[in-house]
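Novice: Provided herewith: entry-v6.cif, mmCIF, C-alpha atoms.
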```cif
data_coords
#
loop_
_atom_site.label_atom_id
_atom_site.label_comp_id
_atom_site.auth_asym_id
_atom_site.auth_seq_id
_atom_site.Cartn_x
_atom_site.Cartn_y
_atom_site.Cartn_z
CA MET A 283 -14.51 24.19 -94.91
CA THR A 284 -15.63 22.62 -98.17
CA ILE A 285 -13.68 23.50 -101.29
CA ASN A 286 -15.71 23.37 -104.50
CA ARG A 287 -14.21 26.07 -106.71
CA VAL A 288 -10.48 26.70 -106.93
CA GLY A 289 -8.83 29.81 -108.33
CA VAL A 290 -5.33 29.62 -109.78
CA ILE A 291 -3.35 32.77 -110.44
CA GLY A 292 -0.80 32.22 -113.17
CA ALA A 293 -1.10 29.87 -116.18
CA GLY A 294 2.62 29.24 -116.56
CA THR A 295 4.39 25.95 -115.88
CA MET A 296 3.20 25.61 -112.29
CA GLY A 297 -0.19 27.31 -112.60
CA ASN A 298 -1.37 25.30 -115.59
CA GLY A 299 -0.25 22.10 -113.85
CA ILE A 300 -2.16 23.04 -110.69
CA ALA A 301 -5.29 23.91 -112.72
CA HIS A 302 -4.91 20.59 -114.60
CA VAL A 303 -4.75 18.55 -111.39
CA PHE A 304 -7.74 20.25 -109.76
CA SER A 305 -9.93 20.13 -112.89
CA ARG A 306 -9.03 16.47 -113.57
CA SER A 307 -10.06 15.73 -109.96
CA GLY A 308 -13.52 17.21 -110.53
CA PHE A 309 -13.05 20.74 -109.18
CA ASN A 310 -14.25 23.80 -111.04
CA VAL A 311 -11.20 25.98 -111.67
CA VAL A 312 -10.93 29.67 -112.47
CA LEU A 313 -7.55 30.18 -114.14
CA CYS A 314 -6.44 33.82 -114.01
CA GLU A 315 -3.65 35.44 -116.02
CA VAL A 316 -2.59 38.98 -116.89
CA GLU A 317 -2.62 38.52 -120.69
CA GLN A 318 -4.73 36.42 -123.07
CA ARG A 319 -1.64 34.90 -124.75
CA PHE A 320 -0.47 33.46 -121.40
CA LEU A 321 -3.95 32.03 -120.76
CA ASP A 322 -4.05 30.51 -124.26
CA ARG A 323 -0.60 28.95 -123.82
CA GLY A 324 -1.56 27.53 -120.41
CA LEU A 325 -4.80 26.01 -121.72
CA GLU A 326 -2.92 24.55 -124.70
CA THR A 327 -0.43 22.91 -122.33
CA ILE A 328 -3.23 21.48 -120.17
CA ALA A 329 -4.92 20.01 -123.29
CA LYS A 330 -1.61 18.46 -124.48
CA ASN A 331 -0.93 16.97 -121.05
CA LEU A 332 -4.44 15.55 -120.87
CA ASP A 333 -3.94 14.09 -124.37
CA ARG A 334 -0.85 12.32 -123.03
CA GLU A 335 -2.94 10.83 -120.20
CA VAL A 336 -5.58 9.67 -122.71
CA ALA A 337 -2.84 8.05 -124.84
CA LYS A 338 -1.57 6.18 -121.75
CA ASN A 339 -5.14 5.07 -120.87
CA LYS A 340 -4.99 6.94 -117.54
CA ILE A 341 -8.15 8.86 -118.45
CA THR A 342 -10.73 8.70 -121.25
CA ALA A 343 -11.33 11.28 -123.99
CA ALA A 344 -14.57 12.11 -122.14
CA ASP A 345 -12.56 12.71 -118.93
CA LYS A 346 -10.29 15.08 -120.86
CA ALA A 347 -13.25 17.01 -122.28
CA ALA A 348 -14.88 17.21 -118.85
CA ALA A 349 -11.64 18.43 -117.22
CA LEU A 350 -11.18 21.15 -119.84
CA GLY A 351 -14.83 22.10 -119.44
CA ARG A 352 -14.31 22.73 -115.72
CA ILE A 353 -11.65 25.39 -116.37
CA THR A 354 -12.82 28.99 -116.76
CA PRO A 355 -10.04 31.23 -118.12
CA VAL A 356 -10.17 34.86 -116.94
CA LEU A 357 -8.10 38.02 -117.13
CA GLU A 358 -9.65 39.83 -114.16
CA ARG A 359 -8.96 38.79 -110.57
CA SER A 360 -12.44 39.99 -109.63
CA ARG A 361 -13.74 36.85 -111.45
CA LEU A 362 -12.19 34.73 -108.66
CA VAL A 363 -14.75 35.92 -106.09
CA ASP A 364 -16.75 32.65 -106.14
CA CYS A 365 -13.70 30.54 -105.31
CA ASP A 366 -13.24 28.82 -101.94
CA LEU A 367 -9.46 28.59 -102.33
CA VAL A 368 -7.08 30.60 -104.48
CA VAL A 369 -3.61 29.22 -105.25
CA GLU A 370 -1.12 31.86 -106.37
CA ALA A 371 1.46 30.52 -108.83
CA ALA A 372 3.00 33.76 -110.07
CA THR A 373 6.69 34.44 -110.48
CA GLU A 374 8.93 34.19 -107.38
CA LYS A 375 9.19 37.93 -106.77
CA LEU A 376 8.00 39.31 -103.44
CA GLU A 377 6.76 42.59 -104.96
CA ILE A 378 4.50 40.69 -107.40
CA LYS A 379 3.19 38.35 -104.68
CA THR A 380 2.66 41.37 -102.39
CA GLU A 381 0.42 43.05 -104.95
CA ILE A 382 -1.49 39.82 -105.65
CA PHE A 383 -2.15 38.93 -102.00
CA ARG A 384 -3.21 42.47 -101.05
CA ASP A 385 -5.60 42.50 -104.01
CA LEU A 386 -6.97 39.02 -103.23
CA ASP A 387 -7.44 39.95 -99.57
CA ARG A 388 -9.51 42.96 -100.66
CA LEU A 389 -11.54 41.05 -103.30
CA MET A 390 -12.25 37.71 -101.67
CA LYS A 391 -14.79 36.78 -99.00
CA PRO A 392 -13.17 36.57 -95.53
CA GLU A 393 -13.53 32.77 -95.31
CA VAL A 394 -11.57 32.09 -98.53
CA ILE A 395 -8.20 30.38 -98.11
CA LEU A 396 -5.30 32.04 -99.93
CA ALA A 397 -2.42 29.70 -100.81
CA SER A 398 0.93 30.35 -102.42
CA ASN A 399 2.89 27.88 -104.49
CA THR A 400 6.10 29.65 -103.44
CA SER A 401 9.16 27.59 -102.62
CA SER A 402 11.29 30.45 -101.30
CA ILE A 403 9.20 33.26 -99.79
CA SER A 404 8.04 33.15 -96.18
CA ILE A 405 4.35 32.26 -95.79
CA THR A 406 4.34 34.32 -92.56
CA LYS A 407 5.54 37.35 -94.56
CA ILE A 408 2.87 36.78 -97.24
CA ALA A 409 0.15 36.24 -94.62
CA ALA A 410 1.10 39.52 -92.90
CA LEU A 411 0.06 41.34 -96.09
CA THR A 412 -3.54 40.27 -95.46
CA LYS A 413 -6.28 40.71 -92.88
CA ARG A 414 -6.64 36.90 -92.81
CA PRO A 415 -3.23 35.51 -91.80
CA ASP A 416 -5.00 32.47 -90.29
CA ARG A 417 -6.27 31.59 -93.80
CA VAL A 418 -2.95 31.92 -95.66
CA ILE A 419 -0.88 28.81 -96.34
CA GLY A 420 1.77 27.46 -98.65
CA MET A 421 0.71 24.76 -101.10
CA HIS A 422 3.92 24.01 -102.96
CA PHE A 423 3.49 21.62 -105.87
CA PHE A 424 6.45 20.04 -107.65
CA ASN A 425 7.12 20.19 -111.38
CA PRO A 426 5.67 18.63 -113.47
CA VAL A 427 2.57 19.03 -111.32
CA PRO A 428 0.40 16.35 -112.99
CA MET A 429 3.16 13.74 -112.48
CA MET A 430 4.77 14.59 -109.14
CA LYS A 431 2.98 13.20 -106.08
CA LEU A 432 4.32 15.45 -103.32
CA VAL A 433 2.77 18.73 -102.19
CA GLU A 434 4.41 20.68 -99.39
CA VAL A 435 1.78 22.16 -97.09
CA ILE A 436 3.50 25.07 -95.33
CA ARG A 437 2.06 26.89 -92.37
CA GLY A 438 2.77 30.50 -91.56
CA LEU A 439 3.01 31.47 -87.90
CA ALA A 440 -0.68 32.45 -87.92
CA THR A 441 -2.07 29.67 -90.16
CA SER A 442 -4.99 28.05 -88.34
CA GLN A 443 -5.31 24.32 -87.78
CA ALA A 444 -8.56 24.36 -89.77
CA THR A 445 -6.81 25.96 -92.77
CA PHE A 446 -3.99 23.44 -92.53
CA GLU A 447 -6.39 20.46 -92.32
CA THR A 448 -8.53 21.74 -95.23
CA VAL A 449 -5.50 22.12 -97.50
CA ARG A 450 -3.91 18.84 -96.40
CA ASP A 451 -7.18 16.97 -97.04
CA LEU A 452 -7.59 18.73 -100.38
CA ALA A 453 -4.11 17.58 -101.47
CA ILE A 454 -5.19 14.00 -100.76
CA LYS A 455 -8.43 14.51 -102.75
CA VAL A 456 -6.40 15.51 -105.81
CA GLU A 457 -4.29 12.35 -105.38
CA LYS A 458 -1.22 14.10 -103.99
CA THR A 459 0.86 13.22 -100.94
CA PRO A 460 0.95 16.18 -98.52
CA VAL A 461 4.14 16.67 -96.55
#
```
Starting from the file, give its structure as structure tokens.
Specialist:
Amino acid sequence: MTINRVGVIGAGTMGNGIAHVFSRSGFNVVLCEVEQRFLDRGLETIAKNLDREVAKNKITAADKAAALGRITPVLERSRLVDCDLVVEAATEKLEIKTEIFRDLDRLMKPEVILASNTSSISITKIAALTKRPDRVIGMHFFNPVPMMKLVEVIRGLATSQATFETVRDLAIKVEKTPV
């Protein structure tokens, strides 16, 4: 499966870092939050982190502008429908993740991969909340996301080989080391 558009749920520390990495790597990103102030803070953080990369000559000012231009901030999950992959980076509470994954499963096309950035909740348990357990996977980034190279790619019991390979290859495309 080809991933062109990535959704990120949560614009906090992890979510804004994940959006930053994907947008800097040329992907269109839909960044979804529950309140405008959280979206604004996340976008501000991304801009500051990109400024740091410009100052260190890692990217140009034009690269920064292009990366910011690839991020679409939204408050409604329904605006994620054109995404090929959605990475959930909400708080580490099962009841919140349960609501998000059930909603995403209902909203998204069946072929969309749903990933969680969780470091502590079972991917098998999250996948069981959906009608697509073969397309649910863990994609655990490390903080700070733009700096840290490792990404844990975590299969659930039902995660398909194709889903695993797509996410592993995607991690490499965004200059991360999948483990």
Novice: Report as a tab-separated table: every residue of stretch 346-449 of chain A with an atom at most 7 Å from stretch 316-338 of chain A, its closest pair of atoms, and their distance in Å to one decimal, counting only C-alpha atoms, with rows sorted by chain and ascending residue number.
Specialist:
```
residue	atom	partner	partner_atom	distance
A:Lys346	CA	A:Leu332	CA	5.9
A:Pro355	CA	A:Leu321	CA	6.7
A:Leu357	CA	A:Val316	CA	5.6
```
Novice: To test your reading of the syntax: which residues would the PyMOL selection byres ((chain A and resi 380) around 10) return for the file shown? Reply as a PyMOL selection string.
Specialist: chain A and resi 375-379+381-386+407-412
Novice: Filtering to C-alpha atoms, could you give me those residues as an mmCIF file, in the coordinates of the input?
Specialist:
```
data_model
loop_
_atom_site.group_PDB
_atom_site.id
_atom_site.type_symbol
_atom_site.label_atom_id
_atom_site.label_comp_id
_atom_site.auth_asym_id
_atom_site.auth_seq_id
_atom_site.Cartn_x
_atom_site.Cartn_y
_atom_site.Cartn_z
ATOM 1 C CA LYS A 375 9.190 37.930 -106.770
ATOM 2 C CA LEU A 376 8.000 39.310 -103.440
ATOM 3 C CA GLU A 377 6.760 42.590 -104.960
ATOM 4 C CA ILE A 378 4.500 40.690 -107.400
ATOM 5 C CA LYS A 379 3.190 38.350 -104.680
ATOM 6 C CA GLU A 381 0.420 43.050 -104.950
ATOM 7 C CA ILE A 382 -1.490 39.820 -105.650
ATOM 8 C CA PHE A 383 -2.150 38.930 -102.000
ATOM 9 C CA ARG A 384 -3.210 42.470 -101.050
ATOM 10 C CA ASP A 385 -5.600 42.500 -104.010
ATOM 11 C CA LEU A 386 -6.970 39.020 -103.230
ATOM 12 C CA LYS A 407 5.540 37.350 -94.560
ATOM 13 C CA ILE A 408 2.870 36.780 -97.240
ATOM 14 C CA ALA A 409 0.150 36.240 -94.620
ATOM 15 C CA ALA A 410 1.100 39.520 -92.900
ATOM 16 C CA LEU A 411 0.060 41.340 -96.090
ATOM 17 C CA THR A 412 -3.540 40.270 -95.460
#
```
Novice: Since I can't run it myself right now, could you work out what the PyMOL selection byres ((chain A and resi 443-448) around 10) selects here and report it as a list in words?
Specialist: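 Against this file, the PyMOL selection byres ((chain A and resi 443-448) around 10) returns the residues Met283, Thr284, Ile285, Leu367, Glu393, Val394, Ile395, Leu396, Ala397, Asp416, Arg417, Val418, Ile419, Gly420, Met421, Val435, Ile436, Arg437, Gly438, Ala440, Thr441, Ser442, Val449, Arg450, Asp451, Leu452 and Ala453 of chain A.
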Novice: May I have the residues from that selection written out with C-alpha atoms, as an mmCIF file, in the frame of the given file?
Specialist:
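Saved the output as part_12.cif:
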```cif
data_model
loop_
_atom_site.group_PDB
_atom_site.id
_atom_site.type_symbol
_atom_site.label_atom_id
_atom_site.label_comp_id
_atom_site.auth_asym_id
_atom_site.auth_seq_id
_atom_site.Cartn_x
_atom_site.Cartn_y
_atom_site.Cartn_z
ATOM 1 C CA MET A 283 -14.510 24.190 -94.910
ATOM 2 C CA THR A 284 -15.630 22.620 -98.170
ATOM 3 C CA ILE A 285 -13.680 23.500 -101.290
ATOM 4 C CA LEU A 367 -9.460 28.590 -102.330
ATOM 5 C CA GLU A 393 -13.530 32.770 -95.310
ATOM 6 C CA VAL A 394 -11.570 32.090 -98.530
ATOM 7 C CA ILE A 395 -8.200 30.380 -98.110
ATOM 8 C CA LEU A 396 -5.300 32.040 -99.930
ATOM 9 C CA ALA A 397 -2.420 29.700 -100.810
ATOM 10 C CA ASP A 416 -5.000 32.470 -90.290
ATOM 11 C CA ARG A 417 -6.270 31.590 -93.800
ATOM 12 C CA VAL A 418 -2.950 31.920 -95.660
ATOM 13 C CA ILE A 419 -0.880 28.810 -96.340
ATOM 14 C CA GLY A 420 1.770 27.460 -98.650
ATOM 15 C CA MET A 421 0.710 24.760 -101.100
ATOM 16 C CA VAL A 435 1.780 22.160 -97.090
ATOM 17 C CA ILE A 436 3.500 25.070 -95.330
ATOM 18 C CA ARG A 437 2.060 26.890 -92.370
ATOM 19 C CA GLY A 438 2.770 30.500 -91.560
ATOM 20 C CA ALA A 440 -0.680 32.450 -87.920
ATOM 21 C CA THR A 441 -2.070 29.670 -90.160
ATOM 22 C CA SER A 442 -4.990 28.050 -88.340
ATOM 23 C CA VAL A 449 -5.500 22.120 -97.500
ATOM 24 C CA ARG A 450 -3.910 18.840 -96.400
ATOM 25 C CA ASP A 451 -7.180 16.970 -97.040
ATOM 26 C CA LEU A 452 -7.590 18.730 -100.380
ATOM 27 C CA ALA A 453 -4.110 17.580 -101.470
#
```
Novice: What lies within 7 Å of A:Glu370 using only C-alpha atoms, ignoring chain neighbours under 2 positions off, as a PDB file with C-alpha atoms, keeping the file's coordinate frame?
Specialist:
```pdb
ATOM      1  CA  VAL A 290      -5.330  29.620-109.780  1.00  0.00           C
ATOM      2  CA  ILE A 291      -3.350  32.770-110.440  1.00  0.00           C
ATOM      3  CA  GLY A 292      -0.800  32.220-113.170  1.00  0.00           C
ATOM      4  CA  VAL A 368      -7.080  30.600-104.480  1.00  0.00           C
ATOM      5  CA  ALA A 372       3.000  33.760-110.070  1.00  0.00           C
ATOM      6  CA  ALA A 397      -2.420  29.700-100.810  1.00  0.00           C
ATOM      7  CA  SER A 398       0.930  30.350-102.420  1.00  0.00           C
ATOM      8  CA  ASN A 399       2.890  27.880-104.490  1.00  0.00           C
TER       9      ASN A 399
END
```
Novice: Which is closest to A:Val369 among A:Ile341, A:Ala349, A:Val311, A:Val356, if we use all atoms listed in the file?
Specialist: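 Result for the nearest residue to A:Val369: A:Val311.
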Novice: Provide the atom CA of A:Gly289 to atom CA of A:Leu362 distance in Å, to one decimal place.
Specialist: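 Distance reported for this atom pair: 6.0 Å.
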Novice: Check the smallest atom-to-atom distance from each of A:Ile300, A:Val288, A:Ala348, A:Ile353 to A:Phe423 using only C-alpha atoms, then report the winner.
Specialist: A:Ile300
Novice: Please report the interatomic distance between atom CA of A:Leu389 and atom CA of A:His422 in Å with one decimal.
Specialist: 23.0 Å
